[in-house]
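Presented below is the structure to which this report refers.
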Amino acid sequence: MSDKKYWLGFNLVKGIGPAKMQALLDAFDSPEAAWRASEPQLKKLGLDQRAINSLIEARAALDLDAAWRQVEKAGIQLLTWDDPTYPSYLREIPTPPPVLYLLGELQEVDRLAVAVVGTRRLTGYGRQVTRDLVTGLVHNGVTIVSGLARGIDAVAHKTAVDLNGRTLAVLGSGLDCIYPSEHRALARQIAAGHGAIISEYGLGVQPEAKNFPPRNRVISGLSLGVVVVEAGEQSGALITTKFAVEQDREVFAVPGNVTSPASLGPNRLIQQGAKLVTCVEDILEELNLQLVVEQTAVQLALPESAEEVALYTHLTAQPVHVDELSRTTGLPSSVVSSTLTLMELKGMVRQVGGMNYVLSREPDPVYEVQPVKPDQEKSE
């Protein structure tokens with residue numbers, strides 16, 4: 001807790017984002033030392049005067065112990081870059097939030113996640129397609145990520161909850177400022193055993209328009225891919241897909257009536273190269289996801305697909321980073337990540353920190369692993 005209250009303090013300082021936070025951590029031994037740094041030290045580090053002034057004012061005004069007690073009283077977990085439970089996929093993006101506020105629980109299975117987003121002004125078609133796709137994803141053990149907004153987001157979350165699946169709702173406000181207010185009951189349901197409500201914003205932060213684009217980078221960052229069901233030309237869902245591309249995530253779009261304003265966004269995405277989705281299998285196949293059998297103890301399995309064989313060939317008891325696996329196998333990083341997640345659920349591999357993987361055990365002598373032949377490789 002002693003360290004976390006300083007992370008909390010920096011999160012409440014205007015002008016201290018991920019880049020400045022990383023610079024502070026690199027320069028000082030601990031968050032506490034960074035928090036107590038003198039003005040000359042901060043200037044030497046290269047912080048601009050506005051950020052320095054904000055930090056000095058915050059240190060004078062904030063009672064960190066009281067702020068920490070407020071978070072604890074609300075039942076909120078604080079996850080930082082230092083936490084092993086900080087979402088591993090989110091950690092990979094260019095500007096991961098240094099602090100996440102969380103109501104509910106993150107589980108290992110939530111690494112197998114797909115974002116489903118879209119317009120607030122959904123049609124009957126969009127509602128039905130969202131329900132159908134989310135139903136298929138949940139039945140295949142996939143966690144649903146969205147933004148708790150009206151329309152497509154709400155249908156995606158509610159469908160997952162109704163099916164006893166898992167869902168993560170990412171807010172553009174503090175966790176005590178649920179927006180829209182009519183979704184408070186849905187948020188409570190999610191946090192009470194169906195997933196988690198997540199925000200990078202502190203308590204009391206209102207849902208201002210400027211908060212939602214950064215929120216969207218978290219939605220895509222938590223996911224293997226982003227599915228846009230319906231979206232207008234200026235929809236925030238399209239901002240999420242831009243972040244998805246930057247983060248090397250897959251982008252999916254549901255085609256719609258060319259005369260419908262709600263289908264302008266996804267139809268445009270398809271023209272630009274997004275994967276066209278007509279059924280859940282289109283998503284599962286592109287992400288190399290298979291049906292995950294729900295069982296409490298998963299027995300060690302042998303590779304089944306060409307991608308699993310390729311990764312199995314390049315893994316040993318020595319840790320190997322996902323980027324290295326992508327280079328050595330020639331597989332896209334999104335395919336490597338999704339395949340490793342499935343292999344981990346099967347008990348074949350283990351993540352040992354920092355996106356490094358090892359085999360759960362050495363291959364049996366009787367099993368000879370063959371490299372992927374060119375005609376076996378998944379086409380992109």
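In the structure tokens, chains take letters A, B, ... by order of appearance, with residues numbered from 1 within each chain and ligands from 1 in the order shown.
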- Message: List as a ChimeraX atom specification the protein and nucleic acid residues near Leu289 in chain A, meaning an atom at most 12 Å away when only C-alpha atoms are counted, but skip any in the same chain fewer than 2 places from it.
- Response: /A:112-114,136-137,139-142,224-225,280-287,291-293,304-305,307-308,334-343,345
Taking 4 positions as the minimum chain separation for residues in the same chain, which residues sit within 9 Å of Leu269 in chain A when counting only C-alpha atoms? Answer as number ranges by chain.
A: 228, 238, 241, 251-253, 264-265, 273-276
Closest-contact table, range 129-195 of chain A side, partner range 200-222 of chain A, 10 Å, counting only C-alpha atoms, as CSV:
residue,atom,partner,partner_atom,distance
A:Ile144,CA,A:Leu222,CA,9.9
A:Val145,CA,A:Ile219,CA,6.4
A:Ser146,CA,A:Ile219,CA,6.3
A:Gly147,CA,A:Ile219,CA,7.2
A:Leu168,CA,A:Ile219,CA,8.7
A:Ala169,CA,A:Ile219,CA,8.2
A:Val170,CA,A:Ile219,CA,6.4
A:Leu171,CA,A:Arg215,CA,6.5
A:Gly172,CA,A:Phe212,CA,5.1
A:Ser173,CA,A:Pro207,CA,4.5
A:Gly174,CA,A:Leu203,CA,4.6
A:Leu175,CA,A:Leu203,CA,6.2
A:Asp176,CA,A:Leu203,CA,5.9
A:Cys177,CA,A:Gln206,CA,6.2
A:Ile178,CA,A:Pro207,CA,8.2
A:Tyr179,CA,A:Pro207,CA,6.7
A:Pro180,CA,A:Pro207,CA,8.9
Please provide the set of residues having any atom within 10 Å of Ala19 in chain A, restricted to only C-alpha atoms, with same-chain residues fewer than 2 positions apart removed, written as a PDB file with C-alpha atoms, in the first residue's frame.
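Result written to selection.pdb:
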ATOM      1  CA  ILE A  16       1.679  13.558 -15.539  1.00  0.00           C
ATOM      2  CA  GLY A  17       0.800  10.950 -18.142  1.00  0.00           C
ATOM      3  CA  MET A  21       5.509   8.704 -15.241  1.00  0.00           C
ATOM      4  CA  GLN A  22       7.964   6.338 -16.925  1.00  0.00           C
ATOM      5  CA  ALA A  23      10.639   9.044 -16.924  1.00  0.00           C
ATOM      6  CA  LEU A  24      10.102   9.602 -13.194  1.00  0.00           C
ATOM      7  CA  PRO A  94       2.362   2.395 -26.618  1.00  0.00           C
ATOM      8  CA  THR A  95       0.849   4.364 -23.701  1.00  0.00           C
ATOM      9  CA  PRO A  96      -0.591   1.969 -21.116  1.00  0.00           C
ATOM     10  CA  PRO A  97      -2.256   3.700 -18.139  1.00  0.00           C
ATOM     11  CA  PRO A  98       0.149   3.717 -15.167  1.00  0.00           C
TER      12      PRO A  98
END
### Query
Quick one: residues within 9 Å of Gln107 in chain A, only C-alpha atoms counted, chain neighbours fewer than 2 positions away excluded, as a list in words?
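The contact residues come out as Thr85, Glu105, Val109, Asp110, Arg111 and Gly195 of chain A.
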Spatial neighbours of Tyr357 in chain A, max dist 12 Å, only C-alpha atoms, sep filter under 5 positions, as a list in words: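 Answer for this query is Leu311, Tyr312, His314, Leu315, Thr316, Ala317, Gln318, Pro319, Val320, His321, Val322, Asp323, Glu324, Leu325, Val336, Ser337, Thr339, Leu340, Thr341, Met343, Glu344, Met348, Val349, Arg350, Gln351 and Val352 of chain A.
Each of A:Val227, A:Ala51, A:Val309, A:Val71 was checked against Thr130 in chain A using only C-alpha atoms; the smallest atom-to-atom distance is that of A:Val227.
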